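Source file: entry_10.pdb (PDB, C-alpha atoms, pLDDT in the B column)
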ATOM      1  CA  MET R  19     130.315 117.992 189.062  1.00 53.00           C
ATOM      2  CA  VAL R  20     126.793 116.530 188.879  1.00 53.00           C
ATOM      3  CA  PHE R  21     125.315 119.816 190.070  1.00 57.00           C
ATOM      4  CA  LYS R  22     127.294 121.693 187.439  1.00 55.00           C
ATOM      5  CA  LEU R  23     125.865 119.444 184.743  1.00 48.00           C
ATOM      6  CA  ILE R  24     122.306 119.688 186.048  1.00 54.00           C
ATOM      7  CA  SER R  25     122.246 123.437 186.578  1.00 60.00           C
ATOM      8  CA  LEU R  26     121.064 124.709 183.241  1.00 63.00           C
ATOM      9  CA  SER R  27     121.620 128.442 183.253  1.00 81.00           C
ATOM     10  CA  ALA R  28     119.515 130.797 181.207  1.00 82.00           C
ATOM     11  CA  ASN R  29     122.600 131.670 179.124  1.00 86.00           C
ATOM     12  CA  LYS R  30     123.200 128.016 178.200  1.00 87.00           C
ATOM     13  CA  LEU R  31     119.567 127.531 177.219  1.00 88.00           C
ATOM     14  CA  LYS R  32     119.641 130.795 175.253  1.00 90.00           C
ATOM     15  CA  SER R  33     122.786 129.626 173.460  1.00 89.00           C
ATOM     16  CA  ALA R  34     121.113 126.335 172.478  1.00 88.00           C
ATOM     17  CA  ILE R  35     118.071 128.226 171.182  1.00 91.00           C
ATOM     18  CA  LEU R  36     120.307 130.522 169.127  1.00 92.00           C
ATOM     19  CA  ASP R  37     122.142 127.485 167.735  1.00 89.00           C
ATOM     20  CA  LEU R  38     118.818 126.007 166.619  1.00 90.00           C
ATOM     21  CA  LEU R  39     117.362 129.287 165.343  1.00 92.00           C
ATOM     22  CA  PRO R  40     118.739 128.995 161.769  1.00 92.00           C
ATOM     23  CA  ILE R  41     117.165 125.540 161.420  1.00 90.00           C
ATOM     24  CA  ILE R  42     113.852 126.805 162.811  1.00 91.00           C
ATOM     25  CA  ILE R  43     113.907 129.781 160.419  1.00 94.00           C
ATOM     26  CA  VAL R  44     114.649 127.649 157.345  1.00 93.00           C
ATOM     27  CA  VAL R  45     111.996 125.045 158.181  1.00 90.00           C
ATOM     28  CA  SER R  46     109.429 127.742 158.994  1.00 92.00           C
ATOM     29  CA  PHE R  47     110.204 129.602 155.769  1.00 93.00           C
ATOM     30  CA  PHE R  48     109.635 126.526 153.637  1.00 91.00           C
ATOM     31  CA  GLN R  49     106.540 125.516 155.594  1.00 91.00           C
ATOM     32  CA  PHE R  50     104.855 128.927 155.343  1.00 91.00           C
ATOM     33  CA  ALA R  51     106.342 130.581 152.234  1.00 91.00           C
ATOM     34  CA  VAL R  52     106.887 127.623 149.907  1.00 89.00           C
ATOM     35  CA  LEU R  53     104.316 125.040 151.009  1.00 87.00           C
ATOM     36  CA  ARG R  54     101.935 127.721 152.346  1.00 90.00           C
ATOM     37  CA  GLN R  55     100.665 125.433 155.073  1.00 90.00           C
ATOM     38  CA  PRO R  56     100.600 125.662 158.860  1.00 89.00           C
ATOM     39  CA  PHE R  57     102.665 123.218 160.879  1.00 89.00           C
ATOM     40  CA  PRO R  58     100.797 119.979 161.462  1.00 89.00           C
ATOM     41  CA  ASN R  59     100.429 119.156 165.172  1.00 91.00           C
ATOM     42  CA  LEU R  60     102.062 122.390 166.359  1.00 90.00           C
ATOM     43  CA  SER R  61     101.854 121.468 170.062  1.00 93.00           C
ATOM     44  CA  ALA R  62     103.891 118.280 169.490  1.00 94.00           C
ATOM     45  CA  ILE R  63     106.458 120.291 167.508  1.00 93.00           C
ATOM     46  CA  ILE R  64     106.805 122.813 170.342  1.00 93.00           C
ATOM     47  CA  VAL R  65     107.241 120.043 172.937  1.00 95.00           C
ATOM     48  CA  GLY R  66     109.814 118.422 170.646  1.00 93.00           C
ATOM     49  CA  LEU R  67     111.695 121.714 170.310  1.00 93.00           C
ATOM     50  CA  VAL R  68     111.807 122.084 174.097  1.00 93.00           C
ATOM     51  CA  PHE R  69     113.277 118.578 174.349  1.00 94.00           C
ATOM     52  CA  VAL R  70     115.812 119.378 171.615  1.00 91.00           C
ATOM     53  CA  VAL R  71     116.884 122.586 173.391  1.00 91.00           C
ATOM     54  CA  LEU R  72     117.287 120.757 176.711  1.00 91.00           C
ATOM     55  CA  GLY R  73     119.079 117.849 175.037  1.00 89.00           C
ATOM     56  CA  LEU R  74     121.410 120.120 173.088  1.00 86.00           C
ATOM     57  CA  THR R  75     122.208 122.084 176.223  1.00 89.00           C
ATOM     58  CA  LEU R  76     123.072 118.909 178.139  1.00 88.00           C
ATOM     59  CA  PHE R  77     125.005 117.511 175.178  1.00 83.00           C
ATOM     60  CA  ILE R  78     127.163 120.628 174.824  1.00 85.00           C
ATOM     61  CA  GLU R  79     127.752 120.762 178.572  1.00 86.00           C
ATOM     62  CA  GLY R  80     128.782 117.100 178.533  1.00 84.00           C
ATOM     63  CA  LEU R  81     131.229 117.796 175.720  1.00 83.00           C
ATOM     64  CA  LYS R  82     132.756 120.719 177.620  1.00 87.00           C
ATOM     65  CA  ILE R  83     133.165 118.684 180.803  1.00 87.00           C
ATOM     66  CA  GLY R  84     134.174 115.311 179.387  1.00 85.00           C
ATOM     67  CA  LEU R  85     135.462 115.351 175.826  1.00 82.00           C
ATOM     68  CA  PHE R  86     136.908 118.788 175.104  1.00 84.00           C
ATOM     69  CA  PRO R  87     139.625 118.518 177.779  1.00 87.00           C
ATOM     70  CA  ILE R  88     140.711 115.154 176.359  1.00 86.00           C
ATOM     71  CA  GLY R  89     140.829 116.552 172.820  1.00 79.00           C
ATOM     72  CA  GLU R  90     142.842 119.572 173.941  1.00 83.00           C
ATOM     73  CA  ASN R  91     145.337 117.396 175.788  1.00 85.00           C
ATOM     74  CA  LEU R  92     145.718 115.099 172.785  1.00 82.00           C
ATOM     75  CA  SER R  93     146.213 118.042 170.432  1.00 78.00           C
ATOM     76  CA  TYR R  94     148.914 119.605 172.606  1.00 80.00           C
ATOM     77  CA  ALA R  95     150.655 116.263 173.113  1.00 84.00           C
ATOM     78  CA  LEU R  96     150.632 115.502 169.380  1.00 81.00           C
ATOM     79  CA  ALA R  97     151.931 118.987 168.559  1.00 78.00           C
ATOM     80  CA  LYS R  98     154.731 118.602 171.148  1.00 83.00           C
ATOM     81  CA  LYS R  99     155.608 115.186 169.744  1.00 82.00           C
ATOM     82  CA  GLY R 100     156.301 116.927 166.454  1.00 79.00           C
ATOM     83  CA  SER R 101     154.766 114.273 164.230  1.00 81.00           C
ATOM     84  CA  LEU R 102     152.933 115.966 161.409  1.00 86.00           C
ATOM     85  CA  PHE R 103     151.426 112.651 160.272  1.00 89.00           C
ATOM     86  CA  TRP R 104     149.817 111.885 163.646  1.00 88.00           C
ATOM     87  CA  LEU R 105     148.584 115.461 164.085  1.00 87.00           C
ATOM     88  CA  LEU R 106     146.950 115.481 160.638  1.00 90.00           C
ATOM     89  CA  LEU R 107     145.497 111.994 161.112  1.00 92.00           C
ATOM     90  CA  PHE R 108     144.080 113.022 164.500  1.00 89.00           C
ATOM     91  CA  SER R 109     142.558 116.158 162.920  1.00 89.00           C
ATOM     92  CA  PHE R 110     140.911 114.190 160.128  1.00 95.00           C
ATOM     93  CA  LEU R 111     139.625 111.407 162.387  1.00 94.00           C
ATOM     94  CA  LEU R 112     138.288 113.855 164.969  1.00 90.00           C
ATOM     95  CA  GLY R 113     136.302 115.714 162.303  1.00 92.00           C
ATOM     96  CA  PHE R 114     135.136 112.474 160.684  1.00 96.00           C
ATOM     97  CA  SER R 115     134.114 110.714 163.898  1.00 94.00           C
ATOM     98  CA  THR R 116     132.283 113.654 165.441  1.00 90.00           C
ATOM     99  CA  THR R 117     130.372 114.198 162.212  1.00 94.00           C
ATOM    100  CA  ILE R 118     129.445 110.557 161.632  1.00 94.00           C
ATOM    101  CA  ALA R 119     128.086 110.410 165.209  1.00 91.00           C
ATOM    102  CA  GLU R 120     126.182 113.706 164.921  1.00 88.00           C
ATOM    103  CA  PRO R 121     122.550 113.021 165.922  1.00 85.00           C
ATOM    104  CA  ALA R 122     121.138 115.668 163.591  1.00 84.00           C
ATOM    105  CA  LEU R 123     123.038 114.224 160.626  1.00 92.00           C
ATOM    106  CA  ILE R 124     121.834 110.716 161.481  1.00 93.00           C
ATOM    107  CA  ALA R 125     118.230 111.922 161.614  1.00 92.00           C
ATOM    108  CA  ILE R 126     118.478 113.941 158.404  1.00 92.00           C
ATOM    109  CA  ALA R 127     120.149 111.098 156.485  1.00 95.00           C
ATOM    110  CA  LYS R 128     117.451 108.650 157.608  1.00 96.00           C
ATOM    111  CA  GLU R 129     114.731 111.117 156.633  1.00 94.00           C
ATOM    112  CA  ALA R 130     116.328 111.759 153.226  1.00 95.00           C
ATOM    113  CA  ALA R 131     116.532 108.006 152.606  1.00 96.00           C
ATOM    114  CA  ARG R 132     112.901 107.534 153.661  1.00 95.00           C
ATOM    115  CA  ILE R 133     111.778 110.332 151.338  1.00 95.00           C
ATOM    116  CA  ALA R 134     113.794 108.826 148.461  1.00 95.00           C
ATOM    117  CA  VAL R 135     112.028 105.493 149.016  1.00 95.00           C
ATOM    118  CA  GLU R 136     108.591 107.151 149.198  1.00 95.00           C
ATOM    119  CA  ALA R 137     109.304 109.042 145.968  1.00 94.00           C
ATOM    120  CA  ASP R 138     110.264 105.749 144.275  1.00 93.00           C
ATOM    121  CA  LEU R 139     113.798 107.046 143.709  1.00 94.00           C
ATOM    122  CA  LEU R 140     115.258 104.248 145.812  1.00 93.00           C
ATOM    123  CA  GLN R 141     114.293 100.698 146.641  1.00 95.00           C
ATOM    124  CA  GLU R 142     113.449 100.123 150.294  1.00 94.00           C
ATOM    125  CA  LYS R 143     116.139  97.446 150.635  1.00 95.00           C
ATOM    126  CA  HIS R 144     118.779 100.149 149.914  1.00 95.00           C
ATOM    127  CA  GLU R 145     117.409 102.724 152.356  1.00 96.00           C
ATOM    128  CA  ALA R 146     119.876 102.028 155.198  1.00 95.00           C
ATOM    129  CA  ASN R 147     122.891 101.987 152.860  1.00 96.00           C
ATOM    130  CA  TYR R 148     121.770 105.243 151.263  1.00 97.00           C
ATOM    131  CA  ALA R 149     121.489 106.927 154.664  1.00 96.00           C
ATOM    132  CA  LEU R 150     124.923 105.605 155.672  1.00 96.00           C
ATOM    133  CA  GLY R 151     126.380 106.798 152.365  1.00 97.00           C
ATOM    134  CA  LEU R 152     125.039 110.303 152.988  1.00 96.00           C
ATOM    135  CA  ARG R 153     126.545 110.327 156.480  1.00 97.00           C
ATOM    136  CA  MET R 154     129.876 108.993 155.208  1.00 97.00           C
ATOM    137  CA  SER R 155     130.143 111.600 152.445  1.00 97.00           C
ATOM    138  CA  VAL R 156     129.421 114.448 154.859  1.00 97.00           C
ATOM    139  CA  ALA R 157     131.825 113.037 157.476  1.00 97.00           C
ATOM    140  CA  LEU R 158     134.609 112.563 154.918  1.00 98.00           C
ATOM    141  CA  SER R 159     134.103 116.145 153.738  1.00 97.00           C
ATOM    142  CA  VAL R 160     134.239 117.542 157.258  1.00 96.00           C
ATOM    143  CA  GLY R 161     137.288 115.433 158.101  1.00 96.00           C
ATOM    144  CA  LEU R 162     139.101 116.681 154.992  1.00 97.00           C
ATOM    145  CA  ALA R 163     138.081 120.286 155.681  1.00 96.00           C
ATOM    146  CA  ILE R 164     139.484 120.096 159.203  1.00 94.00           C
ATOM    147  CA  LEU R 165     142.663 118.414 157.962  1.00 94.00           C
ATOM    148  CA  LEU R 166     143.105 121.212 155.406  1.00 94.00           C
ATOM    149  CA  GLY R 167     142.426 123.815 158.084  1.00 92.00           C
ATOM    150  CA  VAL R 168     145.108 122.364 160.348  1.00 89.00           C
ATOM    151  CA  TRP R 169     147.506 122.154 157.384  1.00 91.00           C
ATOM    152  CA  ARG R 170     146.778 125.825 156.604  1.00 91.00           C
ATOM    153  CA  ILE R 171     147.540 126.799 160.196  1.00 86.00           C
ATOM    154  CA  ILE R 172     150.793 124.802 160.203  1.00 84.00           C
ATOM    155  CA  LYS R 173     151.888 126.399 156.925  1.00 86.00           C
ATOM    156  CA  GLY R 174     150.807 129.855 158.092  1.00 86.00           C
ATOM    157  CA  TRP R 175     148.617 130.428 155.066  1.00 85.00           C
ATOM    158  CA  PRO R 176     146.101 133.269 155.414  1.00 82.00           C
ATOM    159  CA  THR R 177     142.391 132.527 155.388  1.00 77.00           C
ATOM    160  CA  VAL R 178     141.794 135.226 152.795  1.00 76.00           C
ATOM    161  CA  ILE R 179     143.953 135.836 149.769  1.00 71.00           C
ATOM    162  CA  THR R 180     144.267 139.533 149.040  1.00 71.00           C
ATOM    163  CA  SER R 181     145.626 141.094 145.875  1.00 69.00           C
ATOM    164  CA  SER R 182     148.340 143.705 146.243  1.00 60.00           C
TER     165      SER R 182
END
For the file at hand, write its structure as structure tokens.
Amino acid sequence: MVFKLISLSANKLKSAILDLLPIIIVVSFFQFAVLRQPFPNLSAIIVGLVFVVLGLTLFIEGLKIGLFPIGENLSYALAKKGSLFWLLLFSFLLGFSTTIAEPALIAIAKEAARIAVEADLLQEKHEANYALGLRMSVALSVGLAILLGVWRIIKGWPTVITSS
């Protein structure tokens, strides 16, 4: 098991890079096209990106090995139990908890709060609460979206409404 976790295949690394590519494109676009400035300290950014790719690869592998099987078992057991309430609650809480713990969301919320303080839009004493509020609003939204998605599946509603 340890060897499976440590062996980072080229496909897994490529997948992590592709997952990060939209973020890299957006940030690069704004840096070059909007701000019209080169990246400050490019070598540190590249080293950081390598660490993020390796970390994301290990994180996803850890999820596949450790958490996904538990989630699948819980989902099947709850569906077999036939309790719509517990299935919907599990769906919401799974979406909420995974989002609130998302490292990228934590970092972005902290950065947004710091920028709001620097721009004098927020007092420094409220910075932590502001960041938590951002995380909570995103996590609640994701939890509700997943709950609605599960409800849609249970009801058999199509994803696209077509006119006849």
The PyMOL selection byres ((chain R and resi 145) around 9) on the file shown: which residues, as a PyMOL selection string? chain R and resi 128+131-132+134-135+140-144+146-150
Of R:Ile88, R:Ala51, R:Ile124, R:Leu38, the one sitting nearest R:Gly151 when using only C-alpha atoms is R:Ile124
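In terms of minimum interatomic distance to R:Ser115, R:Val160 ranks closest within R:Ile41, R:Val160, R:Leu31, R:Leu53, counting all atoms listed in the file.
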Rank nothing, just name the residue among R:Thr75, R:Ile164, R:Val70, R:Asn91 nearest to R:Leu112, using all atoms listed in the file. R:Ile164
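Between atom CA of R:Thr117 and atom CA of R:Met154 lies a distance of 8.7 Å.
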What's around R:Ile78 at 9 Å? Count all atoms listed in the file, leave out sequence neighbours fewer than 5 positions away in its own chain, and write the answer as a PDB file with C-alpha atoms, keeping the file's coordinate frame.
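Final output, result.pdb:
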ATOM      1  CA  ALA R  34     121.113 126.335 172.478  1.00 88.00           C
ATOM      2  CA  GLY R  73     119.079 117.849 175.037  1.00 89.00           C
ATOM      3  CA  ILE R  83     133.165 118.684 180.803  1.00 87.00           C
TER       4      ILE R  83
END
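The space separating atom CA of R:Gly174 from atom CA of R:Gly113 comes to 20.7 Å.
Going from atom CA of R:Glu129 over to atom CA of R:Ala163, you cover 25.1 Å.
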At a cut-off of 12 Å, using all atoms listed in the file, what residues contact R:Leu74? Leave out same-chain residues fewer than 3 positions from it and give the result as a PyMOL selection string. chain R and resi 26+30-38+66-71+77-81+120-122
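Between R:Leu152 and the residues R:Val45, R:Leu72, R:Leu96, R:Ile118, the shortest atom-to-atom distance, using all atoms listed in the file, involves R:Ile118.
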Missing atoms of stretch 146-175 of chain R rebuilt to N, CA and C atoms, written as a short mmCIF file (atom, residue, chain, number, x, y, z; two decimals), keeping the file's coordinate frame:
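Final file, part06.cif:
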data_model
loop_
_atom_site.label_atom_id
_atom_site.label_comp_id
_atom_site.auth_asym_id
_atom_site.auth_seq_id
_atom_site.Cartn_x
_atom_site.Cartn_y
_atom_site.Cartn_z
N ALA R 146 118.86 101.90 154.14
CA ALA R 146 119.88 102.03 155.20
C ALA R 146 121.24 102.35 154.60
N ASN R 147 121.60 101.71 153.50
CA ASN R 147 122.89 101.99 152.86
C ASN R 147 122.95 103.40 152.30
N TYR R 148 121.84 103.88 151.78
CA TYR R 148 121.77 105.24 151.26
C TYR R 148 122.00 106.25 152.39
N ALA R 149 121.33 106.03 153.51
CA ALA R 149 121.49 106.93 154.66
C ALA R 149 122.94 106.90 155.16
N LEU R 150 123.53 105.72 155.24
CA LEU R 150 124.92 105.60 155.67
C LEU R 150 125.85 106.29 154.68
N GLY R 151 125.56 106.14 153.39
CA GLY R 151 126.38 106.80 152.36
C GLY R 151 126.33 108.32 152.48
N LEU R 152 125.15 108.85 152.77
CA LEU R 152 125.04 110.30 152.99
C LEU R 152 125.88 110.74 154.18
N ARG R 153 125.77 110.00 155.28
CA ARG R 153 126.54 110.33 156.48
C ARG R 153 128.04 110.24 156.21
N MET R 154 128.46 109.19 155.50
CA MET R 154 129.88 108.99 155.21
C MET R 154 130.42 110.13 154.34
N SER R 155 129.65 110.54 153.33
CA SER R 155 130.14 111.60 152.44
C SER R 155 130.28 112.93 153.19
N VAL R 156 129.33 113.22 154.07
CA VAL R 156 129.42 114.45 154.86
C VAL R 156 130.59 114.35 155.83
N ALA R 157 130.75 113.21 156.50
CA ALA R 157 131.82 113.04 157.48
C ALA R 157 133.20 113.09 156.81
N LEU R 158 133.34 112.48 155.65
CA LEU R 158 134.61 112.56 154.92
C LEU R 158 134.92 114.01 154.54
N SER R 159 133.91 114.74 154.11
CA SER R 159 134.10 116.14 153.74
C SER R 159 134.53 116.98 154.93
N VAL R 160 133.88 116.78 156.05
CA VAL R 160 134.24 117.54 157.26
C VAL R 160 135.65 117.16 157.72
N GLY R 161 135.95 115.87 157.72
CA GLY R 161 137.29 115.43 158.10
C GLY R 161 138.37 116.06 157.23
N LEU R 162 138.14 116.07 155.92
CA LEU R 162 139.10 116.68 154.99
C LEU R 162 139.19 118.19 155.20
N ALA R 163 138.06 118.83 155.45
CA ALA R 163 138.08 120.29 155.68
C ALA R 163 138.89 120.62 156.93
N ILE R 164 138.73 119.84 157.98
CA ILE R 164 139.48 120.10 159.20
C ILE R 164 140.96 119.81 158.98
N LEU R 165 141.27 118.73 158.28
CA LEU R 165 142.66 118.41 157.96
C LEU R 165 143.30 119.57 157.18
N LEU R 166 142.59 120.08 156.18
CA LEU R 166 143.10 121.21 155.41
C LEU R 166 143.25 122.47 156.26
N GLY R 167 142.33 122.67 157.18
CA GLY R 167 142.43 123.82 158.08
C GLY R 167 143.65 123.73 158.98
N VAL R 168 143.92 122.55 159.51
CA VAL R 168 145.11 122.36 160.35
C VAL R 168 146.36 122.55 159.50
N TRP R 169 146.36 122.00 158.30
CA TRP R 169 147.51 122.15 157.38
C TRP R 169 147.75 123.64 157.08
N ARG R 170 146.67 124.39 156.86
CA ARG R 170 146.78 125.82 156.60
C ARG R 170 147.40 126.55 157.79
N ILE R 171 146.99 126.17 158.99
CA ILE R 171 147.54 126.80 160.20
C ILE R 171 149.02 126.48 160.32
N ILE R 172 149.39 125.21 160.10
CA ILE R 172 150.79 124.80 160.20
C ILE R 172 151.65 125.56 159.19
N LYS R 173 151.14 125.71 157.98
CA LYS R 173 151.89 126.40 156.93
C LYS R 173 151.84 127.92 157.08
N GLY R 174 150.93 128.41 157.90
CA GLY R 174 150.81 129.85 158.09
C GLY R 174 150.11 130.56 156.94
N TRP R 175 149.32 129.82 156.18
CA TRP R 175 148.62 130.43 155.07
C TRP R 175 147.46 131.28 155.58
#
